[in-house]
Every structure is written in structure tokens, then in C-alpha cells.
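Data block for my_file.txt (compact mmCIF, C-alpha atoms):
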# COMPACT_ATOMS: atom_id res chain seq x y z
CA LEU A 168 13.87 -41.02 -85.31
CA LYS A 169 15.51 -38.65 -87.77
CA SER A 170 18.79 -40.56 -87.56
CA ARG A 171 17.13 -43.84 -88.44
CA PRO A 172 17.26 -44.71 -92.16
CA LEU A 173 13.97 -44.67 -93.97
CA GLN A 174 14.40 -48.14 -95.44
CA LYS A 175 14.16 -49.88 -92.09
CA ALA A 176 10.53 -50.63 -91.44
CA THR A 177 10.68 -50.95 -87.68
CA SER A 178 7.44 -51.00 -85.74
CA GLN A 179 8.31 -47.87 -83.81
CA PHE A 180 9.02 -46.02 -87.00
CA GLU A 181 5.79 -47.14 -88.56
CA GLU A 182 3.85 -46.07 -85.51
CA ALA A 183 5.48 -42.69 -85.63
CA LEU A 184 4.59 -42.36 -89.31
CA ALA A 185 1.01 -43.18 -88.53
CA CYS A 186 0.98 -40.47 -85.90
CA VAL A 187 2.41 -37.96 -88.31
CA ALA A 188 -0.23 -38.79 -90.90
CA ARG A 189 -2.97 -37.83 -88.44
CA PRO A 190 -3.35 -34.07 -88.34
CA THR A 191 -4.36 -33.91 -84.67
CA SER A 192 -1.70 -35.88 -82.79
CA THR A 193 1.91 -34.80 -82.78
CA ALA A 194 3.28 -36.83 -79.88
CA MET A 195 5.16 -40.01 -80.66
CA VAL A 196 3.56 -43.21 -79.51
CA ILE A 197 5.97 -45.60 -77.88
CA LYS A 198 5.01 -49.17 -77.35
CA THR A 199 5.50 -50.01 -73.70
CA GLU A 200 5.30 -53.39 -72.09
CA LEU A 201 3.90 -54.32 -68.74
CA CYS A 202 6.14 -56.05 -66.27
CA HIS A 203 4.82 -59.51 -65.55
CA PHE A 204 5.81 -59.31 -61.93
CA THR A 205 5.12 -55.79 -60.75
CA GLU A 206 2.83 -54.63 -63.54
CA TYR A 207 4.81 -51.45 -64.00
CA ARG A 208 5.20 -50.02 -67.46
CA ILE A 209 8.47 -50.87 -69.19
CA TYR A 210 9.73 -48.26 -71.62
CA PRO A 211 12.16 -49.23 -74.38
CA GLY A 212 15.72 -49.55 -73.26
CA ARG A 213 14.76 -50.67 -69.78
CA GLY A 214 14.36 -54.14 -68.41
CA GLN A 215 14.64 -57.52 -69.99
CA ARG A 216 12.54 -60.25 -71.50
CA PHE A 217 12.95 -63.79 -70.36
CA ILE A 218 11.95 -66.62 -72.66
CA ALA A 219 11.46 -69.90 -70.87
CA LYS A 220 12.03 -73.37 -72.22
CA ASP A 221 8.41 -73.79 -73.18
CA GLY A 222 8.36 -70.48 -74.97
CA LYS A 223 6.61 -68.34 -72.35
CA VAL A 224 7.79 -64.77 -72.49
CA SER A 225 7.88 -62.69 -69.33
CA PHE A 226 8.89 -59.06 -69.07
CA PHE A 227 10.88 -57.84 -66.11
CA ILE A 228 11.45 -54.21 -65.34
CA THR A 229 14.61 -54.62 -63.26
CA SER A 230 17.11 -57.26 -62.34
CA LYS A 231 15.62 -57.25 -58.85
CA VAL A 232 12.31 -58.41 -60.27
CA ASP A 233 14.07 -60.89 -62.52
CA SER A 234 15.89 -62.37 -59.55
CA LEU A 235 12.67 -62.65 -57.54
CA PHE A 236 10.99 -64.45 -60.38
CA HIS A 237 13.77 -66.99 -60.62
CA GLN A 238 13.61 -67.56 -56.89
CA ARG A 239 9.97 -68.44 -57.52
CA ILE A 240 8.71 -65.80 -55.14
CA LYS A 241 5.14 -64.86 -55.93
CA ALA A 242 4.29 -61.26 -56.64
CA VAL A 243 1.16 -61.54 -54.54
CA LYS A 244 3.27 -61.99 -51.42
CA LEU A 245 5.32 -58.83 -51.90
CA ARG A 246 3.75 -55.77 -50.42
CA TRP A 247 4.95 -53.27 -53.00
CA THR A 248 3.54 -55.00 -56.08
CA GLN A 249 0.27 -54.27 -57.82
CA ALA A 250 -0.77 -57.89 -57.44
CA TRP A 251 -0.58 -57.59 -53.65
CA ARG A 252 -2.57 -54.39 -53.74
CA ARG A 253 -5.28 -55.95 -55.76
CA MET A 254 -5.46 -58.91 -53.41
CA ASN A 255 -5.73 -56.66 -50.37
CA LYS A 256 -8.13 -54.26 -52.07
CA LYS A 257 -5.97 -51.18 -51.78
CA GLY A 258 -6.39 -48.16 -53.94
CA LYS A 259 -9.32 -47.73 -56.29
CA VAL A 260 -12.76 -48.95 -55.32
CA ASP A 261 -14.62 -50.79 -58.01
CA GLU A 262 -18.08 -49.23 -57.94
CA SER A 263 -19.69 -51.75 -60.19
CA ALA A 264 -18.85 -54.46 -57.69
CA LYS A 265 -20.82 -52.74 -54.93
CA LYS A 266 -23.92 -54.60 -53.90
CA ARG A 267 -27.13 -53.00 -54.93
CA THR A 268 -29.61 -52.78 -52.02
CA ARG A 269 -32.87 -54.45 -52.82
CA LYS A 270 -35.95 -52.35 -52.37
CA ALA A 271 -39.11 -54.17 -51.34
CA ALA A 272 -41.91 -53.35 -53.73
CA LYS A 273 -44.60 -51.45 -51.88
CA PHE A 274 -48.13 -51.76 -53.04
CA GLN A 275 -51.36 -50.57 -51.58
CA LYS A 276 -53.59 -53.20 -50.11
CA ALA A 277 -57.32 -52.90 -49.67
CA ILE A 278 -58.45 -52.35 -46.11
CA VAL A 279 -61.60 -53.76 -44.56
CA GLY A 280 -64.21 -51.11 -45.16
CA MET A 281 -62.43 -49.60 -48.16
CA SER A 282 -61.53 -51.25 -51.41
CA LEU A 283 -58.39 -50.46 -53.42
CA ASP A 284 -60.30 -48.25 -55.81
CA ASP A 285 -61.72 -46.19 -52.97
CA ILE A 286 -58.27 -45.66 -51.52
CA LYS A 287 -56.94 -44.55 -54.90
CA LYS A 288 -59.84 -42.17 -55.34
CA LYS A 289 -59.19 -40.61 -52.00
CA LYS A 290 -55.51 -40.18 -52.86
CA ALA A 291 -56.35 -38.59 -56.17
CA MET A 292 -58.77 -36.16 -54.53
CA LYS A 293 -57.52 -32.67 -53.89
CA PRO A 294 -56.37 -32.03 -50.33
CA GLU A 295 -58.90 -29.23 -49.74
CA LEU A 296 -61.71 -31.49 -50.78
CA ARG A 297 -60.39 -34.19 -48.50
CA VAL A 298 -60.36 -31.81 -45.54
CA GLN A 299 -63.95 -30.86 -46.29
CA ALA A 300 -64.96 -34.49 -46.52
CA LYS A 301 -63.23 -35.18 -43.23
CA GLU A 302 -65.08 -32.35 -41.49
CA ALA A 303 -68.40 -33.49 -42.90
CA ALA A 304 -67.76 -37.02 -41.73
CA ALA A 305 -66.76 -35.80 -38.29
CA LYS A 306 -69.97 -33.78 -38.02
CA GLU A 307 -72.02 -36.78 -39.01
CA ALA A 308 -70.32 -38.97 -36.48
CA LYS A 309 -70.92 -36.41 -33.73
CA ALA A 310 -74.58 -36.13 -34.62
CA ARG A 311 -74.95 -39.90 -34.53
CA SER A 312 -73.20 -40.30 -31.23
CA SER A 313 -75.26 -37.55 -29.61
CA LYS A 314 -78.46 -39.25 -30.81
CA VAL A 315 -77.23 -42.56 -29.50
CA LYS A 316 -76.34 -41.05 -26.13
CA ALA A 317 -79.68 -39.20 -25.77
CA ALA A 318 -81.96 -42.13 -26.62
CA PRO A 319 -80.94 -45.14 -24.57
CA LYS A 320 -79.86 -43.38 -21.36
CA ALA A 321 -82.60 -45.17 -19.55
CA LYS A 322 -81.49 -48.41 -21.22
CA SER A 323 -77.93 -47.99 -20.14
CA GLY A 324 -79.10 -47.46 -16.55
CA ALA A 325 -80.91 -50.79 -16.61
CA ALA A 326 -78.05 -52.54 -18.35
CA ALA A 327 -75.42 -51.52 -15.83
CA PRO A 328 -76.65 -53.46 -12.76
CA LYS A 329 -77.26 -56.49 -14.98
CA SER A 330 -73.69 -56.53 -16.15
CA LYS A 331 -72.47 -56.29 -12.57
CA ALA A 332 -74.45 -59.34 -11.53
CA ASP A 333 -73.11 -61.30 -14.41
CA LYS A 334 -69.62 -60.47 -13.45
CA ALA A 335 -70.16 -61.65 -9.88
CA GLY A 336 -71.54 -64.95 -11.12
CA GLN A 337 -68.66 -65.47 -13.42
CA LYS A 338 -65.94 -64.96 -10.83
CA PRO A 339 -66.52 -67.97 -8.51
CA ALA A 340 -66.89 -70.25 -11.54
CA GLY A 341 -63.64 -69.00 -12.86
CA GLY A 342 -62.06 -69.47 -9.46
CA LYS A 343 -63.21 -73.09 -9.25
CA LYS A 344 -61.87 -73.78 -12.62
CA ALA A 345 -58.61 -72.23 -11.73
CA ALA A 346 -58.31 -74.31 -8.59
CA GLY A 347 -59.03 -77.55 -10.45
CA GLY A 348 -56.54 -76.64 -13.13
CA GLY A 349 -53.98 -75.72 -10.52
CA GLY A 350 -54.39 -79.05 -8.75
CA LYS A 351 -53.93 -80.93 -11.97
CA ASN A 352 -50.80 -79.04 -12.75
CA GLU A 353 -49.33 -79.75 -9.35
CA ALA A 354 -49.95 -83.45 -9.81
CA LEU A 355 -48.17 -83.46 -13.14
CA LYS A 356 -45.25 -81.57 -11.74
CA SER A 357 -44.78 -84.07 -8.85
CA LYS A 358 -44.71 -86.94 -11.37
CA ARG A 359 -41.90 -85.29 -13.27
CA LEU B 25 45.82 -63.30 -63.83
CA ALA B 26 45.68 -66.76 -65.21
CA TRP B 27 42.40 -66.38 -66.87
CA ALA B 28 43.48 -63.30 -68.77
CA ASP B 29 46.27 -65.18 -70.52
CA LEU B 30 44.32 -66.81 -73.30
CA SER B 31 47.19 -68.90 -74.56
CA LEU B 32 47.11 -70.94 -71.37
CA ARG B 33 43.52 -71.85 -71.78
CA THR B 34 42.74 -74.59 -74.22
CA PRO B 35 39.57 -74.16 -76.20
CA LEU B 36 38.20 -77.47 -74.98
CA GLU B 37 38.37 -76.54 -71.32
CA ALA B 38 36.72 -73.23 -71.72
CA SER B 39 33.92 -74.51 -73.83
CA THR B 40 30.33 -74.97 -72.88
CA ILE B 41 28.19 -78.03 -72.82
CA MET B 42 24.74 -77.32 -74.00
CA PRO B 43 21.75 -79.47 -74.84
CA CYS B 44 20.95 -80.43 -78.37
CA ALA B 45 17.55 -79.14 -79.31
CA ASP B 46 16.68 -81.63 -82.02
CA ASN B 47 16.15 -85.33 -82.43
CA SER B 48 19.37 -86.06 -84.28
CA GLY B 49 20.56 -88.50 -81.60
CA ALA B 50 22.99 -86.25 -79.79
CA TRP B 51 22.03 -85.09 -76.34
CA ASP B 52 24.70 -82.76 -75.05
CA LEU B 53 27.03 -80.80 -77.28
CA LYS B 54 30.35 -79.41 -76.27
CA ILE B 55 31.71 -76.49 -78.22
CA ILE B 56 35.12 -76.99 -79.72
CA GLY B 57 35.54 -74.17 -82.10
CA ILE B 58 34.03 -71.84 -84.61
CA VAL B 59 33.62 -72.78 -88.22
CA GLY B 60 35.84 -70.68 -90.42
CA LYS B 61 38.26 -69.64 -87.72
CA LYS B 62 41.57 -70.95 -86.62
CA ARG B 63 41.78 -74.14 -84.67
CA ASP B 64 43.18 -72.67 -81.48
CA THR B 65 40.87 -69.75 -81.17
CA HIS B 66 39.52 -69.22 -77.73
CA VAL B 67 35.96 -70.25 -77.51
CA ASP B 68 33.47 -68.70 -75.20
CA ILE B 69 29.73 -69.02 -75.26
CA ARG B 70 29.44 -65.31 -74.56
CA ASP B 71 30.85 -64.53 -77.95
CA PHE B 72 28.18 -66.44 -79.77
CA LYS B 73 24.90 -65.32 -81.13
CA ALA B 74 22.07 -67.34 -82.50
CA GLY B 75 22.81 -68.56 -85.98
CA ASP B 76 26.52 -69.07 -85.54
CA LEU B 77 28.03 -72.16 -86.99
CA ILE B 78 30.21 -74.00 -84.57
CA THR B 79 32.05 -77.26 -84.35
CA VAL B 80 30.91 -79.46 -81.61
CA VAL B 81 31.60 -82.77 -79.99
CA GLY B 82 28.79 -84.97 -78.78
CA ARG B 83 29.08 -85.74 -75.12
CA ARG B 84 26.17 -88.00 -74.44
CA GLY B 85 23.81 -90.04 -76.50
CA GLY B 86 24.31 -91.65 -79.87
CA ALA B 87 26.79 -89.10 -81.15
CA LYS B 88 29.29 -89.38 -78.31
CA ASN B 89 32.77 -88.29 -79.19
CA ARG B 90 31.78 -87.44 -82.69
CA VAL B 91 32.86 -84.13 -84.07
CA MET B 92 30.04 -82.36 -85.86
CA ARG B 93 28.79 -78.97 -86.80
CA ALA B 94 25.94 -77.19 -85.15
CA VAL B 95 23.93 -74.01 -85.29
CA ILE B 96 23.19 -72.14 -82.10
CA ILE B 97 19.54 -71.53 -81.39
CA ARG B 98 19.35 -69.99 -77.95
CA THR B 99 21.81 -68.26 -75.72
CA ARG B 100 21.61 -67.11 -72.17
CA GLN B 101 23.43 -63.99 -73.14
CA PRO B 102 21.11 -60.99 -73.43
CA THR B 103 20.56 -60.04 -77.03
CA ARG B 104 19.04 -56.92 -78.40
CA HIS B 105 15.55 -57.15 -79.74
CA TRP B 106 15.24 -57.40 -83.50
CA SER B 107 12.77 -54.53 -83.69
CA GLY B 108 15.39 -52.12 -82.50
CA ASN B 109 13.17 -50.86 -79.71
CA GLY B 110 15.85 -51.19 -77.12
CA PHE B 111 14.40 -54.28 -75.51
CA GLU B 112 16.60 -57.18 -74.62
CA TYR B 113 15.72 -60.79 -74.36
CA VAL B 114 17.25 -63.73 -72.64
CA PHE B 115 16.70 -67.45 -72.90
CA ASP B 116 16.60 -70.03 -70.20
CA GLN B 117 19.37 -72.18 -71.65
CA ASN B 118 21.91 -72.41 -74.40
CA ALA B 119 20.94 -74.75 -77.16
CA ALA B 120 22.10 -75.80 -80.59
CA VAL B 121 20.95 -77.94 -83.45
CA VAL B 122 23.21 -80.42 -85.22
CA VAL B 123 23.91 -79.65 -88.83
CA ASP B 124 25.83 -81.46 -91.56
CA GLN B 125 28.68 -80.14 -93.67
CA ASP B 126 26.36 -78.42 -96.11
CA GLY B 127 24.39 -76.72 -93.40
CA ASN B 128 21.28 -78.86 -93.53
CA PRO B 129 19.84 -79.97 -90.21
CA VAL B 130 20.36 -83.58 -89.31
CA GLY B 131 17.31 -83.97 -87.08
CA SER B 132 13.73 -83.57 -88.17
CA LYS B 133 12.27 -81.80 -85.13
CA ILE B 134 13.46 -78.78 -83.21
CA MET B 135 12.39 -78.57 -79.62
CA GLY B 136 11.75 -75.32 -77.80
CA PRO B 137 11.64 -71.71 -78.93
CA LEU B 138 13.91 -70.46 -81.66
CA ASP B 139 15.80 -67.25 -81.71
Translate this file's structure into C-alpha cells.
Amino acid sequence: LKSRPLQKATSQFEEALACVARPTSTAMVIKTELCHFTEYRIYPGRGQRFIAKDGKVSFFITSKVDSLFHQRIKAVKLRWTQAWRRMNKKGKVDESAKKRTRKAAKFQKAIVGMSLDDIKKKKAMKPELRVQAKEAAAKEAKARSSKVKAAPKAKSGAAAPKSKADKAGQKPAGGKKAAGGGGKNEALKSKR
Amino acid sequence: LAWADLSLRTPLEASTIMPCADNSGAWDLKIIGIVGKKRDTHVDIRDFKAGDLITVVGRRGGAKNRVMRAVIIRTRQPTRHWSGNGFEYVFDQNAAVVVDQDGNPVGSKIMGPLD
């Protein structure tokens, strides 16, 4: 840079000047190009630019790459190029492309016997209170069941033989029905 | 080596045929010599840069066998980048544009990228 005359306003020189003007940066910024085939960085003095008939400019880092381009070999097909790597998903994993798992929205439904508000109230209640309420409810239930058991013991004795008789009556009827149904089914099957 | 002896080679045989990049009527141009130099100077496309004035003979098209002047636009020879960065650039083909004795272009359109 020092050897270059000050009058020449080359881009590199201007960039360097800009860097010098900034108090923080001292390193020289060199404009590098990206190879159109391999996507490697081309520093000045290396590689070549090819300008096609239609005006398209392509940068090549080496004559090897230049030759491949003119043979019309695609970069995607060559294993060592960045294009191939991108196609085959090698290297860095793009986190933003990951699928987000969908969470099903859970919401409390009212149950038969308890409305939504009741459920919420119970949830809001302190655990100690809930335990107490549970115990109280259990005691109540026990008391009720004992009363129920004590009172209609005689009733249950009378009810039992009745239920047995009913059952006996039901069975032959069910059997008849079954036989008739079976016969019908057999007939259908023979037709098929 | 025969090729090293430049006196044996006539400028016409060693010259290049390149397409004309304008609509002046000439299609292919064959380099004869360089304007301002001796008649028998050896001519080689590798010695030329864009912007050189050359004498040329039309090979095809309306200007066949007519000696004219031309300005080179593109060369296949690698040339250093104008920014001085150290980059080189190369064109796909050699091309020139026909020019009259004063240096004004004969055609009205220039096809393709310029150097």
C-alpha cells in the first residue's frame, strides 16, 4: 500500500483509507470474491474471471475449476464442492428449519356431577383443606353405607330368592331365542 | 524450430479470424497488421489488448476482401483487472469493431460485453 501512489484512487486503497480513518480497526480489508463453482473465497492475485458472450461474469479459483466449468460439469455432482454438501445436507444443521412439534391445547372439561367452576375451586383450594374435605366426605359416605346396610337387611333377604327365580325364568327363554337365531343363521349360510 | 523464425511466417498466415461485434456488415475479420507499424510485422492475437487499432480484412459478409481498420473489444488472453487488485479476466472470444480512417465506428450497435 505504501508503494502505491496517492493519486490512484483504487478501490482497495480507498477501503484501506476508510479503515485507517476509523480509530478502532487497524486491519486492512481486502475485497474477496466467491468462486462460482466451489464457493471458496478468492483472494486478489488468485484465480480468474470469465466473461461469457452474454456478459455473465463467473469467478474461478483455479484452472481446475475453470476447466470443469467449460466441460459443463455441474458443481452439485462433485463431492468436494459446497454445492454438493448443501444438497446432501452435510455440515451445519439449520435450526430454524426444524419442525416445531405441535402441542394439543389441554383444557379442563366439566364432569357429570361437577361443573367447571367447582373443579377450579377445588384446584385453587389449599391441599390441607382438600385432605380435610376428603376425610369428611369419606366419613359421611361410611355413615351412609352403614345406615343403608343396617336398615334393609331383612329386605335384602327377601329380594335374594326373588332375583334367583327371575334368573331361572330368563334362561330358557334366552335359550329358545338362541336356538331360533342359530337355525336362521344356518339357513342363511347354506344359501351362500 | 520453424515457428521461432519469424521471417518465415507471413503475417497473413499467423493472423486470427475473429467475429465482428457490430452491425457494420462484416462478419468475420482477419487480422493483417497493426496500425502504425511496419507492414511485415508479425501479428499475433496474443500481443493485442483491447483498444488496439488494427488493420483487418473482411472474410465473410458484405465486407469480404475489403481492407479496413478495427478496434479490438475482447480478447481471450487474460488481462489484469483495471482496479489493480490482482484479479484477471478472460473473455469467451476475440472480437473487434470496424472503424473508419478517423477512428469513428462504422456500425451503430455493438454486440456483447466491452472490455
For CA of Arg297 in chain A and CA of Lys273 in chain A, determine how far apart the two atoms are, in Å to one decimal place.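 According to the coordinates, CA of Arg297 in chain A and CA of Lys273 in chain A are separated by 23.6 Å.
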Residues of chain A within 8 Å of chain B, counting all atoms listed in the file - could you list those as a list of chain:residue names?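 Applying the cut-off to the listed atoms yields A:Thr177, A:Ser178, A:Gln179, A:Pro211, A:Gly212, A:Arg213, A:Gly214, A:Gln215, A:Arg216, A:Phe217, A:Ile218, A:Ala219, A:Lys220, A:Asp221, A:Gly222.
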If I wrap all listed atoms of range 68-77 of chain B in a box with edges along x, y and z and add 6 Å on each side, what are its centre and edge lengths in Å to one decimal, as lines of an AutoDock Vina configuration file?
center_x = 27.8
center_y = -68.3
center_z = -80.8
size_x = 23.4
size_y = 19.6
size_z = 24.4
Could you work out how far CA of Val224 in chain A lies from CA of Gly131 in chain B, giving the answer in Å with one decimal?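 Going from CA of Gly131 in chain B over to CA of Val224 in chain A covers 25.9 Å.
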List as a PyMOL selection string the protein and nucleic acid residues near Gln275 in chain A, meaning an atom at most 10 Å away when all atoms listed in the file are counted, but skip any in the same chain fewer than 6 places from it. chain A and resi 283+286-287
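Across B:Ala94, B:Thr99, B:Gly82, B:Phe72, the tightest approach to Asp126 in chain B is made by B:Ala94 when counting all atoms listed in the file.
Taking all atoms listed in the file into account, Gly85 in chain B lies nearest to B:Cys44 out of the set B:Ala119, B:Ile97, B:Val67, B:Cys44.
Picture a line from CA of Ala250 in chain A to CA of Leu201 in chain A; it runs 12.7 Å.
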Can you tell me, as a short mmCIF file (atom, residue, chain, number, x, y, z; two decimals) with C-alpha atoms, keeping the file's coordinate frame, what residues are no more than 6 Å from Pro43 in chain B when counting all atoms listed in the file, ignoring any on the same chain fewer than 5 positions away?
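Produced file result.cif, reproduced below:
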data_model
loop_
_atom_site.label_atom_id
_atom_site.label_comp_id
_atom_site.auth_asym_id
_atom_site.auth_seq_id
_atom_site.Cartn_x
_atom_site.Cartn_y
_atom_site.Cartn_z
CA TRP B 51 22.03 -85.09 -76.34
CA ASP B 52 24.70 -82.76 -75.05
CA LEU B 53 27.03 -80.80 -77.28
CA ALA B 119 20.94 -74.75 -77.16
#
Residues near Thr40 in chain B, cut-off 10 Å, all atoms listed in the file, skip fewer than 4 positions along chain, as a VMD selection string: chain B and resid 35 to 36 52 to 56 67 to 70 80 118
What's around Val59 in chain B at 8 Å? Count only C-alpha atoms, leave out sequence neighbours fewer than 6 positions away in its own chain, and write the answer as a VMD selection string. chain B and resid 77 to 79 93
List as a PyMOL selection string the protein and nucleic acid residues near Tyr210 in chain A, meaning an atom at most 8 Å away when only C-alpha atoms are counted, but skip any in the same chain fewer than 2 places from it. chain A and resi 197-200+208+212-213
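Each of B:Asp76, B:Asp64, B:Asp46, B:Asp71 was compared to Ile134 in chain B using all atoms listed in the file, and B:Asp46 turns out to be the nearest.
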Render range 215-227 of chain A from the structure in the preceding block as a file of N, CA, C and O atoms, as a PDB file, in the first residue's frame.
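Final file, decode-v3.pdb:
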ATOM      1  N   GLN A 215      -9.263 -16.519 -11.669  1.00  0.00           N
ATOM      2  CA  GLN A 215      -9.549 -15.812 -12.910  1.00  0.00           C
ATOM      3  C   GLN A 215     -11.038 -15.551 -13.019  1.00  0.00           C
ATOM      4  O   GLN A 215     -11.854 -16.283 -12.487  1.00  0.00           O
ATOM      5  N   ARG A 216     -11.362 -14.489 -13.728  1.00  0.00           N
ATOM      6  CA  ARG A 216     -12.757 -14.217 -14.048  1.00  0.00           C
ATOM      7  C   ARG A 216     -13.012 -14.585 -15.484  1.00  0.00           C
ATOM      8  O   ARG A 216     -12.203 -14.303 -16.352  1.00  0.00           O
ATOM      9  N   PHE A 217     -14.132 -15.163 -15.733  1.00  0.00           N
ATOM     10  CA  PHE A 217     -14.505 -15.495 -17.105  1.00  0.00           C
ATOM     11  C   PHE A 217     -15.766 -14.728 -17.464  1.00  0.00           C
ATOM     12  O   PHE A 217     -16.768 -14.801 -16.769  1.00  0.00           O
ATOM     13  N   ILE A 218     -15.687 -13.992 -18.574  1.00  0.00           N
ATOM     14  CA  ILE A 218     -16.831 -13.205 -19.014  1.00  0.00           C
ATOM     15  C   ILE A 218     -17.386 -13.851 -20.270  1.00  0.00           C
ATOM     16  O   ILE A 218     -16.716 -13.934 -21.301  1.00  0.00           O
ATOM     17  N   ALA A 219     -18.605 -14.327 -20.180  1.00  0.00           N
ATOM     18  CA  ALA A 219     -19.202 -15.042 -21.299  1.00  0.00           C
ATOM     19  C   ALA A 219     -19.721 -14.072 -22.349  1.00  0.00           C
ATOM     20  O   ALA A 219     -19.725 -12.863 -22.157  1.00  0.00           O
ATOM     21  N   LYS A 220     -20.172 -14.643 -23.440  1.00  0.00           N
ATOM     22  CA  LYS A 220     -20.652 -13.843 -24.566  1.00  0.00           C
ATOM     23  C   LYS A 220     -21.806 -12.932 -24.168  1.00  0.00           C
ATOM     24  O   LYS A 220     -21.915 -11.810 -24.650  1.00  0.00           O
ATOM     25  N   ASP A 221     -22.662 -13.427 -23.296  1.00  0.00           N
ATOM     26  CA  ASP A 221     -23.813 -12.618 -22.912  1.00  0.00           C
ATOM     27  C   ASP A 221     -23.498 -11.638 -21.799  1.00  0.00           C
ATOM     28  O   ASP A 221     -24.348 -10.868 -21.384  1.00  0.00           O
ATOM     29  N   GLY A 222     -22.266 -11.688 -21.312  1.00  0.00           N
ATOM     30  CA  GLY A 222     -21.873 -10.729 -20.288  1.00  0.00           C
ATOM     31  C   GLY A 222     -21.867 -11.277 -18.873  1.00  0.00           C
ATOM     32  O   GLY A 222     -21.558 -10.557 -17.933  1.00  0.00           O
ATOM     33  N   LYS A 223     -22.206 -12.547 -18.712  1.00  0.00           N
ATOM     34  CA  LYS A 223     -22.204 -13.142 -17.365  1.00  0.00           C
ATOM     35  C   LYS A 223     -20.775 -13.326 -16.885  1.00  0.00           C
ATOM     36  O   LYS A 223     -19.947 -13.894 -17.578  1.00  0.00           O
ATOM     37  N   VAL A 224     -20.526 -12.870 -15.683  1.00  0.00           N
ATOM     38  CA  VAL A 224     -19.190 -12.988 -15.115  1.00  0.00           C
ATOM     39  C   VAL A 224     -19.173 -14.123 -14.098  1.00  0.00           C
ATOM     40  O   VAL A 224     -20.028 -14.195 -13.218  1.00  0.00           O
ATOM     41  N   SER A 225     -18.220 -15.034 -14.245  1.00  0.00           N
ATOM     42  CA  SER A 225     -18.071 -16.090 -13.246  1.00  0.00           C
ATOM     43  C   SER A 225     -16.642 -16.083 -12.735  1.00  0.00           C
ATOM     44  O   SER A 225     -15.695 -15.903 -13.489  1.00  0.00           O
ATOM     45  N   PHE A 226     -16.503 -16.282 -11.459  1.00  0.00           N
ATOM     46  CA  PHE A 226     -15.185 -16.321 -10.832  1.00  0.00           C
ATOM     47  C   PHE A 226     -14.761 -17.753 -10.635  1.00  0.00           C
ATOM     48  O   PHE A 226     -15.539 -18.586 -10.177  1.00  0.00           O
ATOM     49  N   PHE A 227     -13.533 -18.048 -10.967  1.00  0.00           N
ATOM     50  CA  PHE A 227     -12.995 -19.390 -10.755  1.00  0.00           C
ATOM     51  C   PHE A 227     -11.733 -19.300  -9.933  1.00  0.00           C
ATOM     52  O   PHE A 227     -10.877 -18.462 -10.176  1.00  0.00           O
TER      53      PHE A 227
END
